[in-house]
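Chemist: I have a structure here, written as structure tokens, and I will follow up with some questions on it.
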Amino acid sequence: MSIEVLGMVATNDISETHGRVEGSPVDAAYLTRFARAHEEAGFDRVLIGYGATGPDGFAVAASVLHATERLKVLIAHRPGFVQPTLVARKLATLENLTGAGRVAIHHITGGDELDQRRDGDYLDHDDRYSRTAEFMSVLRRALTFERPFDHEGAFYRFQGAFSSVRPYGEVPLYFGGASPAAVRVGAEHADVYMLWGEPLAQIAERIAAVREEAARHGRTVRFSLSTRPIVAPTEKEAWDRAERIRASTAERVGAGKWGQGFGRESTSVGSARLQEQGAHGDVHDERLWYGVTNLTGPGGNSTAVVGTPEQVAEALLKYYDLGVTTFLIRGFDPLDDVVEWGGGLVPLLRAGAAERRRVTVGAGA
């Protein structure tokens, strides 16, 4: 299967290593440069993140889509704050305005209790996943049904729900979560199940668990892996760069300039998994690095793959061999890394996946 390469855009130039947290949250010119850099570097799609205090993802997506010609978007959202029938109309409208197949949505149920409460959500962890399951079910119907429908569930009730604006084709439903409740929901409802960068053995176990659960529903699910590549011309330079990133992050964390992970009331099983793995060592599988993960605490996608472009591509393609077909790569120097990857890592990933497909087809023949 061919691969999908995702990036992630932001509305200002900030990461664990640089940028001012207290600055303006929206720099429209930077967002345009960032989006166009992804398109020029050969990315398929960009994720637009979600936070209870951040800019609205649908508005950001519209800006990205209008600033580019082919680049697609993946809009992260938390089910529970907007009705699924309205989300369906928002997605279909955005796609109609910008082109077929350019819009997808990512469901993040939420594991940061403080951030959930900022938007008025007081449901507990497993109830949130139950709500996500119902949300995704209604959303898919609202996107695909040609006639009005009724629905009465534990969290939503609709009579005559219908959208007159229809997407041209499929609007893929992405999903993330690591708990048993998440596996049940994602396996039944998601098109793409998103995983954070964990060691190969753990990813193999997670894929197997989701596939087993999906089979109970007669479904198949695609898989995505999110990592933070650290690339340099030589392996030594790459590890030296990783250490500089660690030092910069440590300085910002100590100075209170980077708040991710601290003071959180986290119920995220995925974040807990990363913290446990990081406690057993900075490096797993030769190149998977937890140096920043161990500093910033529970906060999401923070594990890195370190090496030359060829080494990083080969390390990521080992996940392809396990069944991962979408790779979300995000840099610590976000814009500059995207530009650099366009000349090396991205084409190497595509070429490596194509070669594996060729060998597989040849062996089958």
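Residue numbers start at 1 in each chain; chains themselves are named A, B, ... in the order of the structure tokens; ligands are numbered from 1 in the order shown.
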Could you list, as an mmCIF file with C-alpha atoms, in the first residue's frame, every residue within 9 Å of Thr249 (chain A), counting only C-alpha atoms and ignoring same-chain residues fewer than 2 positions away?
Modeler:
```cif
data_model
loop_
_atom_site.group_PDB
_atom_site.id
_atom_site.type_symbol
_atom_site.label_atom_id
_atom_site.label_comp_id
_atom_site.auth_asym_id
_atom_site.auth_seq_id
_atom_site.Cartn_x
_atom_site.Cartn_y
_atom_site.Cartn_z
ATOM 1 C CA SER A 15 8.317 24.676 19.626
ATOM 2 C CA GLU A 16 10.025 23.172 22.649
ATOM 3 C CA THR A 17 13.282 24.816 21.570
ATOM 4 C CA HIS A 18 12.327 28.345 20.512
ATOM 5 C CA ARG A 244 21.224 20.613 21.627
ATOM 6 C CA ILE A 245 17.459 20.170 21.391
ATOM 7 C CA ARG A 246 17.467 18.518 24.806
ATOM 8 C CA ALA A 247 19.485 21.369 26.308
ATOM 9 C CA GLU A 251 16.353 25.555 29.628
ATOM 10 C CA ARG A 252 12.865 26.564 28.527
ATOM 11 C CA VAL A 253 11.175 24.111 30.889
ATOM 12 C CA GLY A 254 13.276 25.355 33.797
ATOM 13 C CA TRP A 258 7.297 25.803 27.980
ATOM 14 C CA VAL A 292 12.440 15.546 25.114
ATOM 15 C CA LEU A 295 11.649 16.576 30.063
ATOM 16 C CA THR A 296 8.190 17.761 29.037
#
```
Chemist: Identify, on the basis of only C-alpha atoms, every residue whose closest approach to Ala133 (chain A) does not exceed 12 Å; exclude the query and any residue fewer than 5 positions from it along the same chain; express the result as a list of chain:residue names.
Modeler: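 Once the nearby chain positions are removed, what remains is A:Arg78, A:Pro79, A:Gly80, A:Pro84, A:His107, A:Ile108, A:Thr109, A:Asp126, A:Asp127, A:Arg128, A:Val138, A:Leu139, A:Arg140, A:Gly153, A:Ala154, A:Phe155, A:Tyr156, A:Leu173, A:Phe175, A:Ala181, A:Ala182, A:Val183, A:Arg184, A:Val185, A:Gly186, A:Ala187, A:Glu188, A:His189, A:Ala190.
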Chemist: Need to verify the contact set: Ala178 (chain A), 12 Å, only C-alpha atoms, exclusion of same-chain residues closer than 4 positions in sequence. Can you return it as number ranges by chain?
Modeler: A: 108-111, 125-126, 129, 182-187, 193-196, 198, 202-203, 205-207, 209-210, 267-274, 300
Chemist: Output N, CA, C and O atoms of each residue in that selection to a file, as a short mmCIF file (atom, residue, chain, number, x, y, z; two decimals), in the first residue's frame.
Modeler:
```cif
data_model
loop_
_atom_site.label_atom_id
_atom_site.label_comp_id
_atom_site.auth_asym_id
_atom_site.auth_seq_id
_atom_site.Cartn_x
_atom_site.Cartn_y
_atom_site.Cartn_z
N ILE A 108 -9.85 13.44 18.87
CA ILE A 108 -9.02 13.28 20.07
C ILE A 108 -9.94 13.45 21.28
O ILE A 108 -10.41 14.54 21.57
N THR A 109 -10.16 12.36 21.96
CA THR A 109 -11.17 12.35 23.03
C THR A 109 -10.72 13.14 24.25
O THR A 109 -11.54 13.69 24.97
N GLY A 110 -9.41 13.23 24.48
CA GLY A 110 -8.90 14.09 25.53
C GLY A 110 -8.49 13.37 26.79
O GLY A 110 -9.25 12.58 27.34
N GLY A 111 -7.24 13.64 27.25
CA GLY A 111 -6.75 13.04 28.48
C GLY A 111 -6.21 14.06 29.46
O GLY A 111 -5.63 13.69 30.48
N HIS A 125 -13.07 9.72 31.85
CA HIS A 125 -12.31 9.21 30.70
C HIS A 125 -13.13 8.25 29.85
O HIS A 125 -13.28 8.44 28.63
N ASP A 126 -13.68 7.19 30.43
CA ASP A 126 -14.37 6.18 29.62
C ASP A 126 -15.69 6.71 29.06
O ASP A 126 -16.08 6.34 27.94
N TYR A 129 -15.02 8.50 25.87
CA TYR A 129 -14.86 7.61 24.71
C TYR A 129 -16.20 7.06 24.23
O TYR A 129 -16.41 6.88 23.02
N ALA A 182 -10.42 3.23 24.17
CA ALA A 182 -10.06 3.82 22.88
C ALA A 182 -9.98 2.77 21.79
O ALA A 182 -10.46 2.97 20.67
N VAL A 183 -9.39 1.64 22.10
CA VAL A 183 -9.28 0.56 21.11
C VAL A 183 -10.66 0.13 20.64
O VAL A 183 -10.90 -0.06 19.44
N ARG A 184 -11.58 -0.01 21.56
CA ARG A 184 -12.94 -0.42 21.18
C ARG A 184 -13.57 0.61 20.24
O ARG A 184 -14.19 0.24 19.24
N VAL A 185 -13.42 1.88 20.55
CA VAL A 185 -14.05 2.92 19.74
C VAL A 185 -13.37 3.06 18.39
O VAL A 185 -14.02 3.09 17.33
N GLY A 186 -12.06 3.16 18.38
CA GLY A 186 -11.34 3.35 17.13
C GLY A 186 -11.50 2.19 16.18
O GLY A 186 -11.63 2.38 14.97
N ALA A 187 -11.47 0.99 16.71
CA ALA A 187 -11.60 -0.19 15.85
C ALA A 187 -12.95 -0.24 15.17
O ALA A 187 -13.08 -0.70 14.03
N TYR A 193 -6.27 4.90 12.44
CA TYR A 193 -5.97 4.89 13.88
C TYR A 193 -4.57 5.46 14.06
O TYR A 193 -3.60 4.89 13.58
N MET A 194 -4.47 6.57 14.79
CA MET A 194 -3.19 7.27 14.93
C MET A 194 -2.48 6.84 16.21
O MET A 194 -3.06 6.79 17.30
N LEU A 195 -1.18 6.54 16.06
CA LEU A 195 -0.34 6.06 17.16
C LEU A 195 0.84 7.01 17.34
O LEU A 195 1.37 7.55 16.38
N TRP A 196 1.25 7.20 18.61
CA TRP A 196 2.48 7.94 18.86
C TRP A 196 3.68 7.03 18.65
O TRP A 196 3.56 5.80 18.66
N GLU A 198 6.27 4.77 19.42
CA GLU A 198 6.71 3.84 20.46
C GLU A 198 7.64 2.81 19.84
O GLU A 198 7.73 2.71 18.62
N GLN A 202 6.08 -2.66 20.79
CA GLN A 202 4.84 -2.12 21.36
C GLN A 202 3.86 -1.71 20.25
O GLN A 202 2.66 -1.91 20.38
N ILE A 203 4.38 -1.14 19.16
CA ILE A 203 3.50 -0.77 18.05
C ILE A 203 2.90 -2.02 17.43
O ILE A 203 1.70 -2.04 17.07
N GLU A 205 2.17 -4.76 18.93
CA GLU A 205 1.11 -5.23 19.83
C GLU A 205 -0.14 -4.37 19.69
O GLU A 205 -1.26 -4.89 19.69
N ARG A 206 0.05 -3.06 19.57
CA ARG A 206 -1.10 -2.16 19.46
C ARG A 206 -1.86 -2.39 18.16
O ARG A 206 -3.09 -2.40 18.13
N ILE A 207 -1.13 -2.54 17.07
CA ILE A 207 -1.77 -2.81 15.79
C ILE A 207 -2.55 -4.11 15.84
O ILE A 207 -3.70 -4.20 15.37
N ALA A 209 -3.88 -5.55 18.43
CA ALA A 209 -5.08 -5.41 19.28
C ALA A 209 -6.19 -4.68 18.53
O ALA A 209 -7.37 -5.08 18.61
N VAL A 210 -5.84 -3.62 17.81
CA VAL A 210 -6.87 -2.88 17.06
C VAL A 210 -7.42 -3.73 15.93
O VAL A 210 -8.64 -3.76 15.69
N THR A 267 -5.23 11.90 32.34
CA THR A 267 -5.74 10.53 32.34
C THR A 267 -5.40 9.85 31.02
O THR A 267 -5.97 8.83 30.68
N SER A 268 -4.44 10.43 30.27
CA SER A 268 -4.06 9.89 28.97
C SER A 268 -3.22 8.63 29.14
O SER A 268 -2.11 8.68 29.68
N VAL A 269 -3.74 7.51 28.66
CA VAL A 269 -3.00 6.25 28.72
C VAL A 269 -1.81 6.30 27.78
O VAL A 269 -0.73 5.79 28.08
N GLY A 270 -1.98 6.95 26.61
CA GLY A 270 -0.87 7.07 25.67
C GLY A 270 0.30 7.84 26.25
O GLY A 270 1.46 7.43 26.11
N SER A 271 0.01 8.96 26.91
CA SER A 271 1.08 9.73 27.54
C SER A 271 1.77 8.93 28.63
O SER A 271 3.00 8.97 28.78
N ALA A 272 0.99 8.18 29.41
CA ALA A 272 1.57 7.35 30.46
C ALA A 272 2.49 6.28 29.88
O ALA A 272 3.55 5.98 30.45
N ARG A 273 2.10 5.73 28.75
CA ARG A 273 2.95 4.72 28.09
C ARG A 273 4.30 5.33 27.70
O ARG A 273 5.36 4.73 27.93
N LEU A 274 4.28 6.54 27.12
CA LEU A 274 5.53 7.16 26.72
C LEU A 274 6.41 7.46 27.92
O LEU A 274 7.63 7.28 27.88
N GLY A 300 1.92 14.32 24.72
CA GLY A 300 1.67 13.93 23.35
C GLY A 300 2.90 13.55 22.57
O GLY A 300 3.85 12.97 23.09
#
```
Chemist: Could you pull out the alpha helix (DSSP H) residues of region 97-175 of chain A, going by DSSP on the backbone, and write them as an MDAnalysis selection string?
Modeler: chainID A and resid 97:98 113:118 125:144
Chemist: Need to verify the contact set: Thr32 (chain A), 12 Å, only C-alpha atoms, exclusion of same-chain residues closer than 5 positions in sequence. Can you return it as a list in words?
Modeler: Val9, Ala10, Thr11, Asn12, Asp13, Val26, Asp27, Ala37, His38, Glu39, Val60, Ala61, Ala62, Ser63, Val64, Leu65, His66, Ala67, Thr68, Leu71 and Leu335 of chain A
